[in-house]
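First up is the structure itself, then whatever we jot down about it.
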Amino acid sequence: MQNQNPAWDWDIAFRALPEILEGFLTVTLLVTVVSTLIAAALGLVWAMIIRLAPQPISGIVKWVVSFIRMTPIVVQLLFAYYTFLMFDSITIGIVVFGIHYSTYMSEVYRAGIDAVPPGQWEATTALSMSTRRTWTAVVIPQALRATVPALGNYAISMFKDTPFLLVIGVVEMVNAAQIFGGNNFRYVEAITLAGIIFLLASYPTSVLVRRLEKRLAYAY
Amino acid sequence: MEKRFGDNVVLKDLNFHVNKGERVTLIGPSGSGKTTILRLVMTLEEATDGMILIDGDPLTHRITGGKRVRLSNKEIKKTRTRIGMVFQQFNLFPNMTVLENITESPIHVLGQSKAEARAKAKDLLHKVGLDDKADAHPSSLSGGQQQRVAIARALAMDPEILLLDEVTSALDPEIVDEVLGILRNIADTTDITMLIVTHEMQFARDVSDRVLMFDGGAIVEDADPHTMFTAPTHDRTKKFLRAVLGEGQIGTR
Amino acid sequence: MLDNLQATAEAWPFLVQGLWVTIQLTVLGSALSLVLAVVLGLMAGASNKALAIPGRIIIEFFRGTSLVVQLFFIFFVLPQLGVELPGMVVGVLALGLNYGAYSAEVVRGSIASVPRGQWEATTALSMSPVHRMRRVIFPQAWALMIPSLASLMVHLLKGTAIVSVILLRDFTFYLDQLTRQTDTFWAYAAVGLVGYFLLALILTLFMNALEARAKHRLGRGPSLREVLSPTPTNKNSLSTAGGGV
């Protein structure tokens with residue numbers, strides 16, 4: 001459609017809002033939260049395997065993690081959705097996002113573990129602590145301090161990546177906006193609303209995460 | 001040339017002046033404000049009150065109609081080009097060769113031609129004993145060599161005033177003398193006004209016309225080197241010199 | 001397996017065509033994002049509020065709204081406001097704006113990381129702000145910013161895969177086609193993911209070489225050495241100064 005007048009129609013905006021919010025609340029938030037949890041947990045698993053497991057397992061995992069990390073989520077979504085036909089699109093979406101972002105998190109954990117001062121490790125040796133205790137009581141708690149802000153930032157990132165889900169037909173917020181726009185022959189309100197919601201959700205959160213990061217940095 | 005200060009905060013009610021061609025050394029414990037003076041003159045920091053005058057020209061602030069007013073950046077720059085500084089950490093530009101480091105500002109700020117600047121740079125490199133290093137990178141030079149290049153770089157701007165901020169403190173002891181030798185040379189062969197902050201007391205004694213002892217942001221004593229080092233009057237000065245030099249006095253070279 | 005290979009061989013010209021579109025999007029998008037990154041990064045880092053505040057607003061705007069929103073806005077909304085752009089332009093614009101904003105943070109952070117002493121030396125030599133940025137500060141910041149920029153470039157490459165929704169025939173588009181002749185595992189994983197991975201690898205190696213050269217120019221490191229590593233030299237995994245992408 002060309003040159004619709006006026007440039008912004010409040011009527012349409014209000015009609016678009018419920019559908020857009022529905023997409024936001026039922027899909028976007030759901031995927032972000034669940035996938036972030038998966039990513040956080042799985043990322044730690046990767047990091048520990050890479051660090052502790054013997055070769056060749058460690059090397060293989062490292063390469064697989066890099067491979068997943070460096071390839072597009074879109075293609076991974078398509079792959080998973082059309083290959084594992086028994087699962088619905090949202091489940092696939094959550095799992096793929098979870099795995100993809102877990103590869104980013106594994107880097108964060110690796111760096112966090114590396115940042116634990118060598119003196120700490122030496123102290124656990126001097127106290128004859130078992131490997132398990134060393135990790136659970138000393139290393140991981142300290143490594144986690146710096147990973148929390150990073151996790152926050154990746155969660156925000158993931159939130160902004162959720163529209164990729166539309167390639168497998170998931171009706172998250174932007175898809176809902178596009179569908180509305182297509183049905184009503186007007187896109188400007190719907191797309192703009194989606195953008196505003198993204199901005200309102202992500203900007204304050206990222207400011208908070210930055211503040212958290214600064215505060216945790218002093219505690220070091 | 002004179003410099004007059006009068007300001008507060010780190011430096012309290014400071015007021016002194018330096019004559020053209022004078023060599024003034026500032027000594028004192030850390031945090032006494034002596035480095036701050038240099039940084040103020042180099043406009044790396046700004047005083048909260050008071051003025052600095054170079055030859056009667058205000059450097060950063062002037063008094064107009066009874067109020068202290070800041071000059072425009074352009075005006076500041078005009079006066080500031082007459083001042084040069086050598087830093088404790090050398091601060092050579094790592095992305096340029098030695099020659100480029102020295103000729104950069106003369107070409108772009110003073111408007112010299114490339115040929116002119118290079119000729120002058122080579123001459124200065126000769127004076128600091130590094131003729132063969134013109135095309136070297138700062139990272140391949142030792143600390144002492146880098147500092148010598150830094151001195152050449154500052155001199156290339158033909159400064160009327162040269163500020164030297166603990167220029168040998170970051171160098172190995174054996175190298176310190178080399179650099180001091182060059183500074184002595186400058187003092188002898190030019191009439192550049194020099195403001196020196198240093199812990200090298202022998203050097204201070206040899207080169208200075210005046211020595212100022214700083215403590216707690218104020219000048220505690222102002223005397224010629226001989227008096228300062230052999231018969232200081234102030235208690236703080238005595239205490240400081242005793243700690244720095246040991247019980248005996250320094251004689252002349 | 002053999003059927004798959006044969007089908008792929010037949011589809012090869014199309015795949016290459018799609019690959020070329022993806023490469024163009026990546027290169028042009030990265031170029032645009034680099035230009036924007038430098039402009040916005042300098043603005044946001046400037047001490048002049050009249051520059052810093054608009055810079056900051058633009059950066060946060062394009063970081064905060066998502067890539068797909070921006071893509072759809074340019075593709076769906078602009079035509080309704082009278083501006084119709086060809087598909088490739090839409091893609092490059094959206095990618096450039098979005099990743100440009102993220103890269104701007106990297107630029108700003110790197111400039112702020114150049115040691116104080118360097119700034120002071122330029123003051124002592126009375127260099128003007130433009131002069132010192134051009135000749136001293138930026139060249140040094142450049143070496144610092146390359147790893148993070150490289151990482152963002154790979155993100156951009158991954159982001160190009162979404163353009164098929166605005167009817168651009170990129171690599172992913174032709175992968176979709178390929179699934180008809182072969183199976184989804186072969187098309188998406190064996191050909192698709194591996195293809196993108198190789199692209200990402202080449203990109204990373206190129207940026208690593210660039211970094212080695214920039215460091216060498218600063219006298220900090222050996223001259224161009226081959227770095228064969230799948231991971232970009234990102235030392236800063238923890239610090240997410242760019243807001244975490």
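Identifiers for the structure tokens are assigned positionally: chains receive A, B, ... in sequence, residues are indexed from 1 per chain, and ligands are indexed from 1 in the order shown.
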
Listing only residues of chain C within 7 Å of chain B, what is the closest atom pair and its distance in Å (to one decimal) for each, using only C-alpha atoms, sorted by chain and residue number ascending, as a Markdown table?
```
| residue | atom | partner | partner_atom | distance |
| --- | --- | --- | --- | --- |
| C:Gly117 | CA | B:Asn91 | CA | 5.6 |
| C:Gln118 | CA | B:Asn91 | CA | 5.5 |
| C:Glu120 | CA | B:Leu44 | CA | 6.7 |
| C:Ala121 | CA | B:Asn91 | CA | 6.0 |
| C:Ala124 | CA | B:Gly84 | CA | 5.7 |
| C:Leu125 | CA | B:Ser105 | CA | 6.2 |
| C:Ser126 | CA | B:Thr81 | CA | 5.8 |
| C:Met127 | CA | B:Val109 | CA | 6.5 |
| C:Val136 | CA | B:Phe93 | CA | 6.5 |
| C:Pro139 | CA | B:Asn95 | CA | 6.9 |
| C:Gln140 | CA | B:Asn95 | CA | 7.0 |
| C:Arg217 | CA | B:Asn95 | CA | 5.8 |
| C:Leu218 | CA | B:Asn95 | CA | 4.5 |
| C:Gly219 | CA | B:Ser139 | CA | 5.4 |
```

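Every protein, DNA or RNA residue with an atom at most 12 Å from B:Glu174, where only C-alpha atoms count and chain neighbours fewer than 6 positions away do not, is listed here: Gly143, Gly144, Thr168 and Leu180 of chain B.
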
Compile the residues of chain A that lie within 7 Å of chain C, evaluated using only C-alpha atoms, and express the compilation as a PDB file with C-alpha atoms, in the first residue's frame.
```
ATOM      1  CA  MET A   1       0.000   0.000   0.000  1.00  0.00           C
ATOM      2  CA  GLN A   2       1.374   3.421  -0.799  1.00  0.00           C
ATOM      3  CA  ASN A   3       1.216   6.732   0.952  1.00  0.00           C
ATOM      4  CA  GLN A   4      -1.450   6.150   3.519  1.00  0.00           C
ATOM      5  CA  SER A  66      32.639 -22.957  18.866  1.00  0.00           C
ATOM      6  CA  PHE A  67      30.794 -24.331  15.871  1.00  0.00           C
ATOM      7  CA  MET A  70      29.693 -19.093  15.258  1.00  0.00           C
ATOM      8  CA  THR A  71      26.749 -20.238  13.163  1.00  0.00           C
ATOM      9  CA  PRO A  72      23.425 -18.454  12.722  1.00  0.00           C
ATOM     10  CA  VAL A  74      18.183 -18.819  12.181  1.00  0.00           C
ATOM     11  CA  VAL A  75      19.686 -21.803  10.422  1.00  0.00           C
ATOM     12  CA  PHE A  79      17.408 -27.280  11.141  1.00  0.00           C
ATOM     13  CA  TYR A  82      12.288 -29.489  10.309  1.00  0.00           C
ATOM     14  CA  THR A  83      14.420 -32.348  11.552  1.00  0.00           C
ATOM     15  CA  GLU A 107      33.071 -18.470  27.285  1.00  0.00           C
ATOM     16  CA  VAL A 108      31.916 -16.237  30.120  1.00  0.00           C
ATOM     17  CA  ALA A 111      36.902 -16.296  31.681  1.00  0.00           C
ATOM     18  CA  GLY A 112      35.359 -16.130  35.117  1.00  0.00           C
ATOM     19  CA  ALA A 146      31.540 -11.664  37.383  1.00  0.00           C
ATOM     20  CA  THR A 147      29.330 -13.919  35.336  1.00  0.00           C
ATOM     21  CA  ALA A 150      27.342 -11.056  31.654  1.00  0.00           C
ATOM     22  CA  ASN A 153      23.533  -8.847  29.183  1.00  0.00           C
ATOM     23  CA  TYR A 154      23.101 -12.058  27.231  1.00  0.00           C
ATOM     24  CA  SER A 157      20.563  -9.942  23.876  1.00  0.00           C
ATOM     25  CA  LYS A 160      16.188  -8.905  21.245  1.00  0.00           C
ATOM     26  CA  PRO A 163      12.103 -12.287  16.576  1.00  0.00           C
ATOM     27  CA  PHE A 164      14.305 -14.801  14.776  1.00  0.00           C
ATOM     28  CA  VAL A 174       7.365  -8.814  16.013  1.00  0.00           C
ATOM     29  CA  TYR A 187       2.448  -1.427   9.289  1.00  0.00           C
ATOM     30  CA  VAL A 188       3.673   1.745  10.833  1.00  0.00           C
ATOM     31  CA  ILE A 191       6.024  -2.185  13.994  1.00  0.00           C
ATOM     32  CA  GLY A 195      10.041  -1.360  18.692  1.00  0.00           C
ATOM     33  CA  PHE A 198      11.637  -3.599  23.006  1.00  0.00           C
ATOM     34  CA  LEU A 199      13.234  -0.302  23.907  1.00  0.00           C
ATOM     35  CA  SER A 202      15.717  -3.560  27.239  1.00  0.00           C
ATOM     36  CA  TYR A 203      17.170  -0.113  27.899  1.00  0.00           C
ATOM     37  CA  SER A 206      20.734  -2.869  30.496  1.00  0.00           C
TER      38      SER A 206
END
```

Atom-to-atom span, atom CA of C:Leu97 and atom CA of C:Ile59, Å |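 Computing the Euclidean distance for atom CA of C:Leu97 and atom CA of C:Ile59 yields 9.1 Å.
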
Can you list, as a PyMOL selection string, every protein, DNA or RNA residue that comes within 10 Å of stretch 33-42 of chain C when you count only C-alpha atoms, leaving out same-chain residues fewer than 3 positions away?
-> chain C and resi 27-30+45-47+51-52+54-59+92-111+133+138+149+152-153+156

Those same residues, written as a PDB file, in the first residue's frame with C-alpha atoms?
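Full text of result.pdb as output:
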```
ATOM      1  CA  VAL C  27      30.794  -6.850   3.827  1.00  0.00           C
ATOM      2  CA  LEU C  28      28.606  -3.858   3.037  1.00  0.00           C
ATOM      3  CA  GLY C  29      26.799  -4.103   6.348  1.00  0.00           C
ATOM      4  CA  SER C  30      30.101  -4.216   8.189  1.00  0.00           C
ATOM      5  CA  GLY C  45      32.785   9.923  23.826  1.00  0.00           C
ATOM      6  CA  ALA C  46      33.146  13.620  23.172  1.00  0.00           C
ATOM      7  CA  SER C  47      33.372  15.991  26.096  1.00  0.00           C
ATOM      8  CA  LEU C  51      27.687  15.812  20.564  1.00  0.00           C
ATOM      9  CA  ALA C  52      27.701  13.261  23.353  1.00  0.00           C
ATOM     10  CA  PRO C  54      22.607  12.824  20.638  1.00  0.00           C
ATOM     11  CA  GLY C  55      25.295  10.221  20.028  1.00  0.00           C
ATOM     12  CA  ARG C  56      24.300   8.321  23.125  1.00  0.00           C
ATOM     13  CA  ILE C  57      20.605   8.527  22.218  1.00  0.00           C
ATOM     14  CA  ILE C  58      21.126   7.201  18.715  1.00  0.00           C
ATOM     15  CA  ILE C  59      23.293   4.366  20.014  1.00  0.00           C
ATOM     16  CA  VAL C  92      22.533  -3.484   4.505  1.00  0.00           C
ATOM     17  CA  LEU C  93      20.883  -0.498   6.142  1.00  0.00           C
ATOM     18  CA  ALA C  94      19.258  -2.504   8.929  1.00  0.00           C
ATOM     19  CA  LEU C  95      22.394  -4.526   9.613  1.00  0.00           C
ATOM     20  CA  GLY C  96      24.638  -1.481   9.442  1.00  0.00           C
ATOM     21  CA  LEU C  97      22.506   0.614  11.765  1.00  0.00           C
ATOM     22  CA  ASN C  98      21.983  -2.106  14.319  1.00  0.00           C
ATOM     23  CA  TYR C  99      25.521  -3.426  14.518  1.00  0.00           C
ATOM     24  CA  GLY C 100      26.898   0.056  14.026  1.00  0.00           C
ATOM     25  CA  ALA C 101      25.317   1.080  17.292  1.00  0.00           C
ATOM     26  CA  TYR C 102      26.879  -1.859  19.123  1.00  0.00           C
ATOM     27  CA  SER C 103      30.229  -1.198  17.496  1.00  0.00           C
ATOM     28  CA  ALA C 104      30.020   2.445  18.516  1.00  0.00           C
ATOM     29  CA  GLU C 105      30.229   1.388  22.144  1.00  0.00           C
ATOM     30  CA  VAL C 106      33.345  -0.586  21.343  1.00  0.00           C
ATOM     31  CA  VAL C 107      34.908   2.405  19.603  1.00  0.00           C
ATOM     32  CA  ARG C 108      34.053   4.707  22.477  1.00  0.00           C
ATOM     33  CA  GLY C 109      35.421   2.280  25.038  1.00  0.00           C
ATOM     34  CA  SER C 110      38.657   1.732  23.138  1.00  0.00           C
ATOM     35  CA  ILE C 111      39.322   5.434  22.753  1.00  0.00           C
ATOM     36  CA  MET C 133      42.643  11.998  17.458  1.00  0.00           C
ATOM     37  CA  PHE C 138      42.676   6.653  17.132  1.00  0.00           C
ATOM     38  CA  LEU C 149      34.675  -5.489  16.275  1.00  0.00           C
ATOM     39  CA  LEU C 152      30.425  -8.135  16.154  1.00  0.00           C
ATOM     40  CA  MET C 153      31.164  -8.794  12.509  1.00  0.00           C
ATOM     41  CA  LEU C 156      26.404  -9.518  11.732  1.00  0.00           C
TER      42      LEU C 156
END
```

Excluding A:Ile38 and any residue of its chain fewer than 2 positions from it, enumerate the residues within 8 Å of it, using only C-alpha atoms, and give them as a PyMOL selection string.
-> chain A and resi 34-36+40-42+95+98-99+102

Which neighbours of B:Ile219 fall inside 10 Å, counting only C-alpha atoms, when residues of the same chain fewer than 2 positions from it are skipped, and could you give them as a list in words?
->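 Within the cut-off, the hits are Leu11, Lys12, Asp13, Leu14, Asn15, Phe16, Leu26, Ile27, Gly28, Ser32, Gly33, Lys34, Leu212, Met213, Phe214, Asp215, Gly216, Gly217, Glu221 and Asp222 of chain B.
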
Residue list (alpha helix (DSSP H), DSSP) for stretch 130-222 of chain B, as a PyMOL selection string | chain B and resi 143-155+173-189+201-207

What is the atom CA of A:Thr28 to atom CA of A:Val148 distance in Å?
-> 21.4 Å

Provide the atom CA of C:Val21 to atom CA of C:Asp170 distance in Å, to one decimal place.
-> 5.1 Å
